[in-house]
file final_6.txt (compact mmCIF, C-alpha atoms and all ligand atoms)
# COMPACT_ATOMS: atom_id res chain seq x y z
CA MET W 457 -14.82 -2.80 9.92
CA ILE W 458 -14.81 -3.35 6.16
CA THR W 459 -17.88 -1.93 4.49
CA ASP W 460 -19.20 -1.41 0.99
CA ASP W 461 -21.80 1.04 2.31
CA ILE W 462 -19.96 3.92 3.90
CA PHE W 463 -23.13 6.00 4.18
CA LEU W 464 -24.71 3.36 6.41
CA GLU W 465 -21.59 3.21 8.60
CA LEU W 466 -21.17 6.96 8.91
CA ASN W 467 -24.85 7.62 9.35
CA SER W 468 -25.09 5.27 12.30
CA LEU W 469 -21.94 6.84 13.72
CA LEU W 470 -22.86 10.48 13.18
CA VAL W 471 -26.25 10.24 14.91
CA ARG W 472 -24.27 9.82 18.14
CA PHE W 473 -22.54 13.20 17.69
CA ASP W 474 -23.48 16.86 17.46
CA GLN W 475 -23.50 17.46 13.70
CA ASP W 476 -22.13 20.99 14.15
CA GLN W 477 -19.07 19.48 15.74
CA VAL W 478 -17.95 17.04 13.07
CA PHE W 479 -14.52 17.80 11.53
CA ILE W 480 -12.47 16.15 8.78
CA LEU W 481 -8.69 15.95 8.57
CA THR W 482 -7.25 14.98 5.22
CA ASP W 483 -4.25 15.60 2.95
CA THR W 484 -4.09 17.12 -0.51
CA ASN W 485 -4.23 13.74 -2.33
CA ALA W 486 -7.04 12.27 -0.26
CA GLN W 487 -8.82 15.63 -0.61
CA GLN W 488 -8.65 15.23 -4.38
CA HIS W 489 -9.47 11.51 -4.66
CA CYS W 490 -11.42 10.48 -1.56
CA LEU W 491 -13.17 13.52 -0.08
CA PRO W 492 -15.53 13.96 -3.09
CA VAL W 493 -16.48 10.26 -2.83
CA LEU W 494 -17.15 10.63 0.90
CA LEU W 495 -19.21 13.80 0.50
CA ASP W 496 -21.14 12.23 -2.36
CA GLU W 497 -21.92 9.18 -0.22
CA LEU W 498 -23.13 11.53 2.55
CA ARG W 499 -25.38 13.63 0.30
CA ASP W 500 -28.52 12.25 1.97
CA MET W 501 -27.45 13.96 5.18
CA GLY W 502 -28.54 17.23 3.53
CA GLU W 503 -26.80 20.25 2.04
CA PRO W 504 -26.49 22.31 5.28
CA PHE W 505 -24.58 19.45 6.92
CA LEU W 506 -22.36 18.96 3.86
CA SER W 507 -21.44 22.63 3.53
CA ARG W 508 -20.57 22.78 7.24
CA LEU W 509 -18.46 19.66 6.76
CA ARG W 510 -16.64 21.30 3.81
CA GLU W 511 -15.94 24.32 6.03
CA HIS W 512 -14.80 21.98 8.79
CA THR W 513 -12.25 20.20 6.59
CA CYS W 514 -8.62 20.75 7.52
CA VAL W 515 -6.20 19.86 4.70
CA LEU W 516 -2.51 19.12 5.24
CA PRO W 517 0.03 18.95 2.41
CA ALA W 518 0.60 15.27 1.48
CA GLY W 519 3.80 13.45 2.42
CA GLU W 520 5.61 12.05 5.42
CA GLU W 521 7.72 15.24 5.62
CA ASN W 522 4.56 16.98 6.86
CA LYS W 523 4.02 14.61 9.79
CA THR W 524 5.45 17.27 12.08
CA LEU W 525 4.72 19.27 15.21
CA ASP W 526 3.91 22.24 12.92
CA SER W 527 1.13 20.20 11.31
CA VAL W 528 -0.16 19.16 14.75
CA CYS W 529 -0.31 22.86 15.71
CA HIS W 530 -2.07 23.62 12.44
CA ILE W 531 -4.78 21.05 13.30
CA TRP W 532 -5.20 22.49 16.82
CA ASP W 533 -5.40 26.04 15.41
CA PHE W 534 -7.98 24.88 12.89
CA LEU W 535 -10.11 23.28 15.62
CA ILE W 536 -9.84 26.33 17.88
CA ASN W 537 -10.63 28.75 15.02
CA HIS W 538 -13.75 26.71 14.20
CA GLN W 539 -14.89 26.59 17.83
CA ALA W 540 -14.48 22.84 18.22
CA THR W 541 -15.62 21.86 21.70
CA ARG W 542 -14.93 18.75 23.77
CA GLN W 543 -17.95 17.24 22.02
CA ALA W 544 -16.22 17.44 18.64
CA LEU W 545 -15.46 14.42 16.47
CA LEU W 546 -12.49 14.25 14.09
CA LEU W 547 -12.72 12.06 10.99
CA ASN W 548 -9.21 11.19 9.74
CA LEU W 549 -9.55 10.62 6.00
CA GLY W 550 -6.22 9.58 4.49
CA GLY W 551 -3.22 7.30 4.70
CA GLY W 552 -1.16 6.47 7.76
CA MET W 553 0.29 9.97 7.89
CA ILE W 554 -3.19 11.42 8.46
CA THR W 555 -4.46 8.69 10.81
CA ASP W 556 -1.29 8.92 12.96
CA ILE W 557 -1.15 12.70 13.24
CA GLY W 558 -4.93 13.18 13.41
CA GLY W 559 -5.19 10.58 16.15
CA PHE W 560 -2.50 12.36 18.13
CA ALA W 561 -3.93 15.85 17.64
CA ALA W 562 -7.43 14.69 18.62
CA SER W 563 -6.17 12.79 21.67
CA CYS W 564 -4.58 15.94 23.12
CA TYR W 565 -7.09 18.59 22.03
CA LYS W 566 -8.94 19.76 25.16
CA ARG W 567 -7.54 16.62 26.86
CA GLY W 568 -8.96 14.40 24.17
CA ILE W 569 -11.80 14.29 21.65
CA PRO W 570 -12.85 11.11 19.82
CA PHE W 571 -11.51 10.39 16.36
CA VAL W 572 -12.59 8.00 13.64
CA ASN W 573 -10.09 6.64 11.13
CA ILE W 574 -11.14 6.27 7.51
CA PRO W 575 -7.94 4.87 5.99
CA THR W 576 -7.52 5.44 2.25
CA THR W 577 -4.26 3.58 1.53
CA LEU W 578 -3.76 -0.18 1.75
CA LEU W 579 -1.00 0.37 4.30
CA ALA W 580 -3.29 2.43 6.52
CA ILE W 581 -6.04 -0.19 6.16
CA VAL W 582 -3.87 -3.15 7.15
CA ASP W 583 -1.63 -1.35 9.60
CA ALA W 584 -1.99 2.27 10.68
CA GLY W 585 -5.78 2.57 10.91
CA GLU W 586 -6.19 0.31 13.93
CA GLY W 587 -4.14 -0.50 16.98
CA GLY W 588 -3.96 2.80 18.82
CA LYS W 589 -0.52 4.07 17.83
CA THR W 590 -0.61 7.82 17.14
CA GLY W 591 2.11 10.42 16.80
CA PHE W 592 4.40 12.45 14.58
CA ASP W 593 8.04 12.61 13.47
CA TYR W 594 10.40 14.78 15.49
CA ARG W 595 13.97 15.89 14.77
CA GLY W 596 14.17 13.46 11.87
CA LEU W 597 13.12 10.51 14.06
CA LYS W 598 10.04 8.66 12.88
CA ASN W 599 7.08 8.61 15.28
CA GLU W 600 9.35 9.89 18.04
CA ILE W 601 6.54 11.68 19.87
CA GLY W 602 3.16 10.06 20.30
CA LEU W 603 0.78 8.16 22.47
CA PHE W 604 -1.39 5.09 22.46
CA SER W 605 -4.97 6.15 21.86
CA ASN W 606 -7.64 4.09 20.15
CA ALA W 607 -9.84 5.36 17.37
CA TYR W 608 -13.51 5.49 18.33
CA GLU W 609 -14.04 3.45 15.18
CA THR W 610 -12.13 2.54 12.00
CA ILE W 611 -14.18 2.46 8.82
CA ILE W 612 -12.65 0.60 5.90
CA TYR W 613 -14.10 1.35 2.49
CA PRO W 614 -12.03 -0.52 -0.14
CA ARG W 615 -13.37 1.69 -2.96
CA PHE W 616 -10.90 4.39 -1.86
CA LEU W 617 -8.09 2.12 -3.05
CA GLN W 618 -9.11 2.61 -6.69
CA SER W 619 -7.09 5.82 -7.00
CA LEU W 620 -4.04 4.50 -5.17
CA PRO W 621 -0.76 4.54 -7.14
CA LYS W 622 0.67 1.03 -7.63
CA GLU W 623 3.68 1.57 -5.41
CA GLN W 624 1.39 2.59 -2.55
CA PHE W 625 -0.66 -0.55 -3.16
CA LEU W 626 2.51 -2.66 -3.04
CA SER W 627 3.62 -0.89 0.12
CA GLY W 628 0.51 -2.08 1.96
CA PHE W 629 0.73 -5.50 0.35
CA ALA W 630 4.16 -6.01 1.95
CA GLU W 631 2.56 -5.66 5.41
CA MET W 632 0.01 -8.28 4.35
CA LEU W 633 2.88 -10.61 3.39
CA LYS W 634 4.33 -9.97 6.85
CA HIS W 635 1.03 -10.87 8.52
CA ALA W 636 0.91 -14.11 6.51
CA LEU W 637 4.47 -15.06 7.44
CA ILE W 638 3.91 -14.58 11.16
CA ALA W 639 0.54 -16.35 11.03
CA SER W 640 0.59 -19.68 9.17
CA PRO W 641 1.68 -21.58 6.02
CA LEU W 642 -1.97 -21.52 4.94
CA GLU W 643 -2.12 -17.70 4.97
CA TRP W 644 1.25 -17.55 3.21
CA GLU W 645 0.20 -19.85 0.34
CA ARG W 646 -3.10 -18.02 0.01
CA ILE W 647 -1.53 -14.57 -0.35
CA LEU W 648 1.15 -15.84 -2.75
CA ALA W 649 -1.58 -17.24 -4.98
CA LEU W 650 -2.96 -13.71 -5.60
CA ASP W 651 -1.97 -12.26 -8.96
CA ILE W 652 -0.89 -8.78 -7.83
CA ASP W 653 -0.73 -7.27 -11.34
CA GLN W 654 -4.17 -8.46 -12.23
CA LEU W 655 -5.49 -7.41 -8.84
CA TYR W 656 -4.21 -3.89 -9.31
CA HIS W 657 -4.86 -3.36 -13.03
CA ARG W 658 -7.89 -5.44 -13.97
CA PRO W 659 -9.47 -7.26 -11.04
CA ASN W 660 -12.44 -9.49 -11.76
CA PRO W 661 -15.15 -10.11 -9.13
CA THR W 662 -13.68 -13.49 -8.10
CA LEU W 663 -10.24 -12.00 -7.54
CA GLN W 664 -11.73 -9.04 -5.67
CA GLU W 665 -13.62 -11.40 -3.43
CA GLU W 666 -10.50 -13.45 -2.71
CA PHE W 667 -8.53 -10.26 -2.01
CA ALA W 668 -11.24 -9.03 0.39
CA ALA W 669 -11.05 -12.36 2.24
CA VAL W 670 -7.24 -12.21 2.49
CA LEU W 671 -7.50 -8.59 3.64
CA GLU W 672 -9.99 -9.54 6.34
CA ARG W 673 -7.64 -12.29 7.57
CA SER W 674 -4.72 -9.89 7.52
CA LEU W 675 -6.65 -7.48 9.76
CA ASP W 676 -7.58 -10.35 12.08
CA ILE W 677 -3.91 -11.31 12.45
CA LYS W 678 -2.89 -7.75 13.30
CA ARG W 679 -5.82 -7.41 15.75
CA TYR W 680 -4.94 -10.70 17.45
CA PHE W 681 -1.51 -9.38 18.41
CA PHE W 682 -2.40 -5.81 19.40
CA GLU W 683 -5.43 -6.84 21.42
CA LEU W 684 -3.28 -9.35 23.29
CA ASP W 685 -0.75 -6.65 24.15
CA PRO W 686 -1.98 -3.11 23.31
CA GLU W 687 1.09 -1.24 24.58
CA GLU W 688 3.70 -3.52 22.99
CA GLN W 689 5.24 -4.95 26.14
CA GLY W 690 5.44 -8.45 24.68
CA MET W 691 3.51 -10.32 21.99
CA ARG W 692 2.65 -7.22 19.92
CA LYS W 693 6.36 -7.11 19.04
CA THR W 694 5.64 -10.04 16.70
CA LEU W 695 4.22 -7.40 14.33
CA ASN W 696 7.66 -5.76 14.24
CA PHE W 697 9.05 -8.62 12.18
CA GLY W 698 10.99 -7.05 9.28
CA HIS W 699 10.88 -3.63 10.90
CA THR W 700 14.22 -3.49 12.77
CA ILE W 701 16.25 -3.60 9.56
CA GLY W 702 13.34 -2.18 7.52
CA HIS W 703 13.15 1.01 9.60
CA ALA W 704 16.93 1.47 9.43
CA ILE W 705 16.79 1.17 5.62
CA GLU W 706 13.83 3.58 5.51
CA SER W 707 15.65 6.17 7.65
CA ARG W 708 18.93 5.79 5.73
CA LEU W 709 17.14 6.30 2.42
CA ILE W 710 15.57 9.47 3.83
CA GLN W 711 19.02 10.66 4.92
CA ARG W 712 20.22 10.04 1.34
CA SER W 713 17.17 11.93 -0.02
CA GLU W 714 15.96 8.76 -1.77
CA PRO W 715 12.84 7.92 0.27
CA GLN W 716 10.97 4.70 -0.48
CA PRO W 717 7.47 3.68 0.72
CA HIS W 718 7.42 2.12 4.18
CA GLY W 719 6.24 -1.30 2.94
CA TYR W 720 9.10 -1.60 0.45
CA CYS W 721 11.58 -1.07 3.30
CA VAL W 722 9.72 -3.64 5.43
CA LEU W 723 9.91 -6.17 2.59
CA TRP W 724 13.68 -5.67 2.33
CA GLY W 725 13.90 -5.81 6.13
CA MET W 726 11.99 -9.11 6.15
CA ILE W 727 14.44 -10.67 3.69
CA ALA W 728 17.44 -9.66 5.82
CA GLU W 729 15.73 -10.73 9.06
CA LEU W 730 14.76 -14.08 7.53
CA TYR W 731 18.41 -14.58 6.70
CA ILE W 732 19.22 -14.04 10.41
CA SER W 733 16.32 -16.37 11.26
CA HIS W 734 17.87 -18.98 8.97
CA ILE W 735 21.32 -18.68 10.55
CA GLN W 736 20.09 -18.59 14.15
CA ALA W 737 16.95 -20.71 14.08
CA GLY W 738 16.98 -22.74 10.87
CA PHE W 739 14.22 -20.85 9.02
CA PRO W 740 13.81 -22.69 5.67
CA SER W 741 15.77 -21.14 2.82
CA GLU W 742 13.11 -22.14 0.23
CA THR W 743 10.68 -19.68 1.83
CA ILE W 744 13.29 -16.91 1.74
CA SER W 745 13.74 -17.65 -1.99
CA ARG W 746 10.00 -17.28 -2.56
CA LEU W 747 9.95 -13.88 -0.85
CA ILE W 748 12.96 -12.82 -2.94
CA GLN W 749 11.02 -13.90 -6.03
CA VAL W 750 8.13 -11.59 -5.01
CA MET W 751 10.64 -8.79 -4.42
CA LYS W 752 12.21 -9.24 -7.86
CA GLU W 753 8.89 -9.44 -9.64
CA TYR W 754 7.21 -6.43 -8.03
CA TYR W 755 9.38 -4.34 -5.72
CA GLY W 756 12.92 -4.44 -7.05
CA GLY W 757 15.97 -4.45 -4.85
CA VAL W 758 17.75 -1.87 -2.78
CA LEU W 759 21.43 -1.16 -2.88
CA PHE W 760 23.78 0.07 -0.19
CA SER W 761 27.55 -0.21 -0.11
CA CYS W 762 29.36 -1.53 2.96
CA LYS W 763 30.15 2.11 3.74
CA ASP W 764 26.50 2.46 4.77
CA TYR W 765 26.53 -0.55 7.10
CA ASP W 766 27.78 1.37 10.15
CA ALA W 767 25.09 4.00 9.63
CA LEU W 768 22.42 1.30 9.25
CA ILE W 769 23.53 -0.53 12.41
CA ASP W 770 23.70 2.78 14.24
CA LEU W 771 20.10 3.48 13.22
CA MET W 772 19.10 0.01 14.50
CA HIS W 773 20.65 0.90 17.86
CA HIS W 774 18.37 3.96 18.07
CA ASP W 775 15.23 1.94 17.48
CA LYS W 776 12.42 2.52 20.02
CA LYS W 777 11.98 -1.25 20.27
CA ASN W 778 15.36 -1.86 21.96
CA LEU W 779 15.26 -2.64 25.66
CA ASP W 780 18.98 -2.06 26.32
CA ALA W 781 22.17 -1.65 24.28
CA THR W 782 21.34 -4.65 22.09
CA ILE W 783 19.26 -4.49 18.93
CA ASN W 784 15.85 -6.13 19.32
CA PHE W 785 14.55 -8.41 16.56
CA THR W 786 11.49 -10.51 15.95
CA LEU W 787 12.70 -13.60 14.12
CA LEU W 788 10.89 -16.63 12.74
CA ARG W 789 11.72 -20.26 13.41
CA ASN W 790 9.33 -21.13 10.62
CA ILE W 791 6.25 -19.63 8.99
CA GLY W 792 3.76 -19.02 11.82
CA ASN W 793 6.41 -19.59 14.46
CA PRO W 794 7.72 -16.17 15.55
CA MET W 795 10.16 -15.41 18.37
CA ILE W 796 10.20 -11.94 19.97
CA ASN W 797 13.08 -10.24 21.85
CA GLN W 798 15.84 -11.86 19.79
CA THR W 799 19.30 -10.42 19.31
CA ALA W 800 22.00 -10.84 16.68
CA ASP W 801 25.62 -9.77 16.77
CA ASP W 802 26.90 -7.08 14.40
CA GLU W 803 28.71 -9.67 12.29
CA THR W 804 25.48 -11.58 11.58
CA ILE W 805 23.64 -8.34 10.84
CA ARG W 806 26.35 -7.37 8.33
CA GLU W 807 26.09 -10.80 6.72
CA ALA W 808 22.31 -10.37 6.47
CA LEU W 809 22.81 -6.97 4.80
CA ASP W 810 25.35 -8.52 2.40
CA PHE W 811 22.78 -11.17 1.58
CA LEU W 812 19.98 -8.64 0.96
CA PHE W 813 22.06 -6.30 -1.18
CA SER W 814 23.43 -9.13 -3.31
CA VAL W 815 20.18 -10.92 -4.28
N1 LIG E 901 0.00 3.76 13.70
C1 LIG E 901 0.47 2.65 13.19
O1 LIG E 901 0.32 1.55 13.75
C2 LIG E 901 1.20 2.70 11.89
C3 LIG E 901 1.48 1.52 11.20
C4 LIG E 901 2.12 1.61 9.96
C5 LIG E 901 2.46 2.85 9.45
N2 LIG E 901 2.16 3.98 10.14
C6 LIG E 901 2.48 5.30 9.60
O2 LIG E 901 1.77 5.45 8.38
C7 LIG E 901 2.50 6.26 7.48
C8 LIG E 901 2.62 5.53 6.17
O3 LIG E 901 1.32 5.27 5.70
P1 LIG E 901 0.90 5.52 4.20
O4 LIG E 901 1.78 4.73 3.30
O5 LIG E 901 -0.56 5.36 4.12
O6 LIG E 901 1.38 7.02 4.00
P2 LIG E 901 0.66 8.35 3.54
O7 LIG E 901 -0.45 8.71 4.42
O8 LIG E 901 1.75 9.35 3.38
O9 LIG E 901 0.04 7.96 2.10
C9 LIG E 901 0.88 7.65 1.02
C10 LIG E 901 0.54 8.53 -0.20
O10 LIG E 901 -0.72 8.16 -0.73
C11 LIG E 901 -1.57 9.30 -0.86
N3 LIG E 901 -2.95 8.83 -0.79
C12 LIG E 901 -3.65 8.47 0.31
N4 LIG E 901 -4.82 7.91 -0.05
C13 LIG E 901 -4.87 7.93 -1.40
C14 LIG E 901 -5.82 7.47 -2.34
N5 LIG E 901 -6.91 6.80 -1.97
N6 LIG E 901 -5.56 7.66 -3.66
C15 LIG E 901 -4.39 8.26 -4.06
N7 LIG E 901 -3.44 8.69 -3.21
C16 LIG E 901 -3.68 8.52 -1.89
C17 LIG E 901 -1.11 10.21 0.23
O11 LIG E 901 -1.48 11.55 0.00
C18 LIG E 901 0.41 10.01 0.16
O12 LIG E 901 0.93 10.78 -0.88
C19 LIG E 901 3.83 6.55 8.14
O13 LIG E 901 3.77 7.82 8.71
C20 LIG E 901 3.93 5.47 9.22
O14 LIG E 901 4.70 5.88 10.33
C21 LIG E 901 1.54 3.92 11.33
ZN ZN E 902 5.07 -1.33 9.13

call {"tool": "encode", "arguments": {"input": "final_6.txt", "output": "structure tokens"}}
result
Amino acid sequence: MITDDIFLELNSLLVRFDQDQVFILTDTNAQQHCLPVLLDELRDMGEPFLSRLREHTCVLPAGEENKTLDSVCHIWDFLINHQATRQALLLNLGGGMITDIGGFAASCYKRGIPFVNIPTTLLAIVDAGEGGKTGFDYRGLKNEIGLFSNAYETIIYPRFLQSLPKEQFLSGFAEMLKHALIASPLEWERILALDIDQLYHRPNPTLQEEFAAVLERSLDIKRYFFELDPEEQGMRKTLNFGHTIGHAIESRLIQRSEPQPHGYCVLWGMIAELYISHIQAGFPSETISRLIQVMKEYYGGVLFSCKDYDALIDLMHHDKKNLDATINFTLLRNIGNPMINQTADDETIREALDFLFSV
């Protein structure tokens, strides 16, 4: 839930748990920017509780490269060394890296302890913080090992976004654009009407209010799909729109040591997948042009040569979402009219990549 009173939220949560058994997982950036805010908000819980909480804070180095089995083991060691019992509660304070890995570590520790997500990036708020997907990267494959396990609660406190670098803000915003495109023309027009620069640099109360409303809707759209199909057997795949090509771009950029935020790759993936949607299902080209306009204004493009195409298509073949040898796409017939379990031949995928890299 979105709250502007995190003390109230946490207080009503923490009374249900043994206060000696509350732990925090965070990373070095969230430790610097968000942990002091959280501890300050909790000051009425009393100094003994706060100092125990400081002692019970496990800090991972920031960055996707630390979403590893080693970090999972570090969390388990930390819990064991601090005598965490099966009654323990883990608060995951951070971006999607922390909520994913913390959710996994908690779900396996002593066969499972509850965890609460307190997402601190826009991407984690709109995507990673809810929906039950947990895990870590393994042998260079993103989220290769993991399990579905729901957070006991997800607490969204937008104030944490104040310290977020702009590119991280834009990364989450791309997932909000995705939610609008799969939902309805109304959502799409509403999100396009937001002035992103003003929102990030000098938001006024009216703009903040409108953003909060769009954010709430974005969360509702994501919830609608994952509640319908928690383990992604069918309709939840709608949320993968943009991600088949987006993930391949993300992985290829990592291979080239030029990583880009997840949402940027999803935005590029959406443009290429809308091109396929246009060819195969008549998706309107005017809407593709509007997304390209957003890309040019805020995100910038991405460039690969045709030498990379085989590698990109190969990465698409390794996607977890595939059911067989064919690459699985979610395409759109129109805004708000998604189609899951679609395929495209290699020629069309190459054309879509040509289109993306030439705009
Ligand atoms: N479980 C899911 O459904 C799901 C969905 C989408 C993404 N993910 C996962 O989420 C991760 C990406 O999420 P992310 O972009 O939040 O990554 P992240 O957690 O790495 O955060 C991005 C950067 O922002 C920093 N940061 C976090 N909060 C901050 C704040 N308030 N102020 C300043 N800096 C802050 C982090 O330290 C990091 O450097 C990936 O691992 C991805 O696989 C999971
Ligand atoms: Zn995503």

call {"tool": "axis_aligned_box", "arguments": {"input": "final_6.txt", "around": "ligand LIG 901 (chain E)", "padding_each_side": "5 Å", "output": "JSON"}}
result
{"center_x": -1.1, "center_y": 6.5, "center_z": 4.8, "size_x": 21.6, "size_y": 20.0, "size_z": 27.8}

call {"tool": "residues_near_ligand", "arguments": {"input": "final_6.txt", "ligand": "ligand ZN 902 (chain E)", "cutoff": "12 Å", "atoms": "all atoms listed in the file", "output": "NGL selection string"}}
result
:W and (552 or 578-585 or 589 or 598-599 or 627-635 or 678 or 693-703 or 706 or 717-726)

call {"tool": "atom_distance", "arguments": {"input": "final_6.txt", "atom1": "atom CA of Leu494 of chain W", "atom2": "atom N2 of ligand LIG 901 (chain E)"}}
result
22.4 Å

call {"tool": "closest_atom_pairs", "arguments": {"input": "final_6.txt", "of": "chain W", "to": "ligand LIG 901 (chain E)", "cutoff": "6 Å", "atoms": "only C-alpha atoms and all ligand atoms", "output": "JSON lines"}}
result
{"residue": "W:Asp483", "atom": "CA", "partner": "E:LIG901", "partner_atom": "O11", "distance": 5.7}
{"residue": "W:Asn485", "atom": "CA", "partner": "E:LIG901", "partner_atom": "O11", "distance": 4.2}
{"residue": "W:Ala486", "atom": "CA", "partner": "E:LIG901", "partner_atom": "N4", "distance": 4.9}
{"residue": "W:His489", "atom": "CA", "partner": "E:LIG901", "partner_atom": "N6", "distance": 5.6}
{"residue": "W:Cys490", "atom": "CA", "partner": "E:LIG901", "partner_atom": "N5", "distance": 5.8}
{"residue": "W:Ala518", "atom": "CA", "partner": "E:LIG901", "partner_atom": "O11", "distance": 4.5}
{"residue": "W:Gly519", "atom": "CA", "partner": "E:LIG901", "partner_atom": "O8", "distance": 4.7}
{"residue": "W:Glu520", "atom": "CA", "partner": "E:LIG901", "partner_atom": "O8", "distance": 5.1}
{"residue": "W:Gly550", "atom": "CA", "partner": "E:LIG901", "partner_atom": "C12", "distance": 5.0}
{"residue": "W:Gly551", "atom": "CA", "partner": "E:LIG901", "partner_atom": "O7", "distance": 3.1}
{"residue": "W:Gly552", "atom": "CA", "partner": "E:LIG901", "partner_atom": "O2", "distance": 3.2}
{"residue": "W:Met553", "atom": "CA", "partner": "E:LIG901", "partner_atom": "O7", "distance": 3.8}
{"residue": "W:Ile554", "atom": "CA", "partner": "E:LIG901", "partner_atom": "O7", "distance": 5.6}
{"residue": "W:Asp556", "atom": "CA", "partner": "E:LIG901", "partner_atom": "N1", "distance": 5.4}
{"residue": "W:Thr576", "atom": "CA", "partner": "E:LIG901", "partner_atom": "N4", "distance": 4.3}
{"residue": "W:Thr577", "atom": "CA", "partner": "E:LIG901", "partner_atom": "N4", "distance": 4.6}
{"residue": "W:Leu579", "atom": "CA", "partner": "E:LIG901", "partner_atom": "O5", "distance": 5.0}
{"residue": "W:Ala580", "atom": "CA", "partner": "E:LIG901", "partner_atom": "O5", "distance": 4.7}
{"residue": "W:Asp583", "atom": "CA", "partner": "E:LIG901", "partner_atom": "C3", "distance": 4.5}
{"residue": "W:Ala584", "atom": "CA", "partner": "E:LIG901", "partner_atom": "C2", "distance": 3.4}
{"residue": "W:Gly587", "atom": "CA", "partner": "E:LIG901", "partner_atom": "O1", "distance": 5.9}
{"residue": "W:Lys589", "atom": "CA", "partner": "E:LIG901", "partner_atom": "N1", "distance": 4.2}
{"residue": "W:Thr590", "atom": "CA", "partner": "E:LIG901", "partner_atom": "N1", "distance": 5.4}
{"residue": "W:Phe616", "atom": "CA", "partner": "E:LIG901", "partner_atom": "N5", "distance": 4.7}
{"residue": "W:Leu617", "atom": "CA", "partner": "E:LIG901", "partner_atom": "N5", "distance": 4.9}
{"residue": "W:Ser619", "atom": "CA", "partner": "E:LIG901", "partner_atom": "N6", "distance": 4.1}
{"residue": "W:Leu620", "atom": "CA", "partner": "E:LIG901", "partner_atom": "N6", "distance": 3.8}

call {"tool": "write_last_selection", "arguments": {"input": "final_6.txt", "atoms": "C-alpha atoms", "output": "PDB file, keeping the file's coordinate frame"}}
result
ATOM      1  CA  ASP W 483      -4.250  15.600   2.950  1.00  0.00           C
ATOM      2  CA  ASN W 485      -4.230  13.740  -2.330  1.00  0.00           C
ATOM      3  CA  ALA W 486      -7.040  12.270  -0.260  1.00  0.00           C
ATOM      4  CA  HIS W 489      -9.470  11.510  -4.660  1.00  0.00           C
ATOM      5  CA  CYS W 490     -11.420  10.480  -1.560  1.00  0.00           C
ATOM      6  CA  ALA W 518       0.600  15.270   1.480  1.00  0.00           C
ATOM      7  CA  GLY W 519       3.800  13.450   2.420  1.00  0.00           C
ATOM      8  CA  GLU W 520       5.610  12.050   5.420  1.00  0.00           C
ATOM      9  CA  GLY W 550      -6.220   9.580   4.490  1.00  0.00           C
ATOM     10  CA  GLY W 551      -3.220   7.300   4.700  1.00  0.00           C
ATOM     11  CA  GLY W 552      -1.160   6.470   7.760  1.00  0.00           C
ATOM     12  CA  MET W 553       0.290   9.970   7.890  1.00  0.00           C
ATOM     13  CA  ILE W 554      -3.190  11.420   8.460  1.00  0.00           C
ATOM     14  CA  ASP W 556      -1.290   8.920  12.960  1.00  0.00           C
ATOM     15  CA  THR W 576      -7.520   5.440   2.250  1.00  0.00           C
ATOM     16  CA  THR W 577      -4.260   3.580   1.530  1.00  0.00           C
ATOM     17  CA  LEU W 579      -1.000   0.370   4.300  1.00  0.00           C
ATOM     18  CA  ALA W 580      -3.290   2.430   6.520  1.00  0.00           C
ATOM     19  CA  ASP W 583      -1.630  -1.350   9.600  1.00  0.00           C
ATOM     20  CA  ALA W 584      -1.990   2.270  10.680  1.00  0.00           C
ATOM     21  CA  GLY W 587      -4.140  -0.500  16.980  1.00  0.00           C
ATOM     22  CA  LYS W 589      -0.520   4.070  17.830  1.00  0.00           C
ATOM     23  CA  THR W 590      -0.610   7.820  17.140  1.00  0.00           C
ATOM     24  CA  PHE W 616     -10.900   4.390  -1.860  1.00  0.00           C
ATOM     25  CA  LEU W 617      -8.090   2.120  -3.050  1.00  0.00           C
ATOM     26  CA  SER W 619      -7.090   5.820  -7.000  1.00  0.00           C
ATOM     27  CA  LEU W 620      -4.040   4.500  -5.170  1.00  0.00           C
TER      28      LEU W 620
END

call {"tool": "atom_distance", "arguments": {"input": "final_6.txt", "atom1": "atom CA of Phe681 of chain W", "atom2": "atom CA of Met795 of chain W"}}
result
13.1 Å

call {"tool": "closest_atom_pairs", "arguments": {"input": "final_6.txt", "of": "segment 566-605 of chain W", "to": "segment 461-472 of chain W", "cutoff": "12 Å", "atoms": "all atoms listed in the file", "output": "JSON lines"}}
result
{"residue": "W:Pro570", "atom": "CA", "partner": "W:Arg472", "partner_atom": "CA", "distance": 11.6}
{"residue": "W:Phe571", "atom": "CA", "partner": "W:Leu469", "partner_atom": "CA", "distance": 11.3}
{"residue": "W:Val572", "atom": "CA", "partner": "W:Leu469", "partner_atom": "CA", "distance": 9.4}
{"residue": "W:Asn573", "atom": "CA", "partner": "W:Leu466", "partner_atom": "CA", "distance": 11.3}
{"residue": "W:Ile574", "atom": "CA", "partner": "W:Ile462", "partner_atom": "CA", "distance": 9.8}

call {"tool": "atom_distance", "arguments": {"input": "final_6.txt", "atom1": "atom CA of Arg615 of chain W", "atom2": "atom CA of Asp460 of chain W"}}
result
7.7 Å

call {"tool": "residues_around", "arguments": {"input": "final_6.txt", "residues": "segment 532-543 of chain W", "least_positions_apart": "2", "cutoff": "9 Å", "atoms": "only C-alpha atoms", "output": "JSON, numbers by chain"}}
result
{"W": [473, 474, 476, 477, 478, 479, 511, 512, 513, 514, 527, 528, 529, 530, 545, 561, 562, 565, 566, 567, 568, 569, 570]}

call {"tool": "residues_around", "arguments": {"input": "final_6.txt", "residues": "Met457 of chain W", "least_positions_apart": "3", "cutoff": "9 Å", "atoms": "only C-alpha atoms", "output": "ChimeraX atom specification"}}
result
/W:609-613
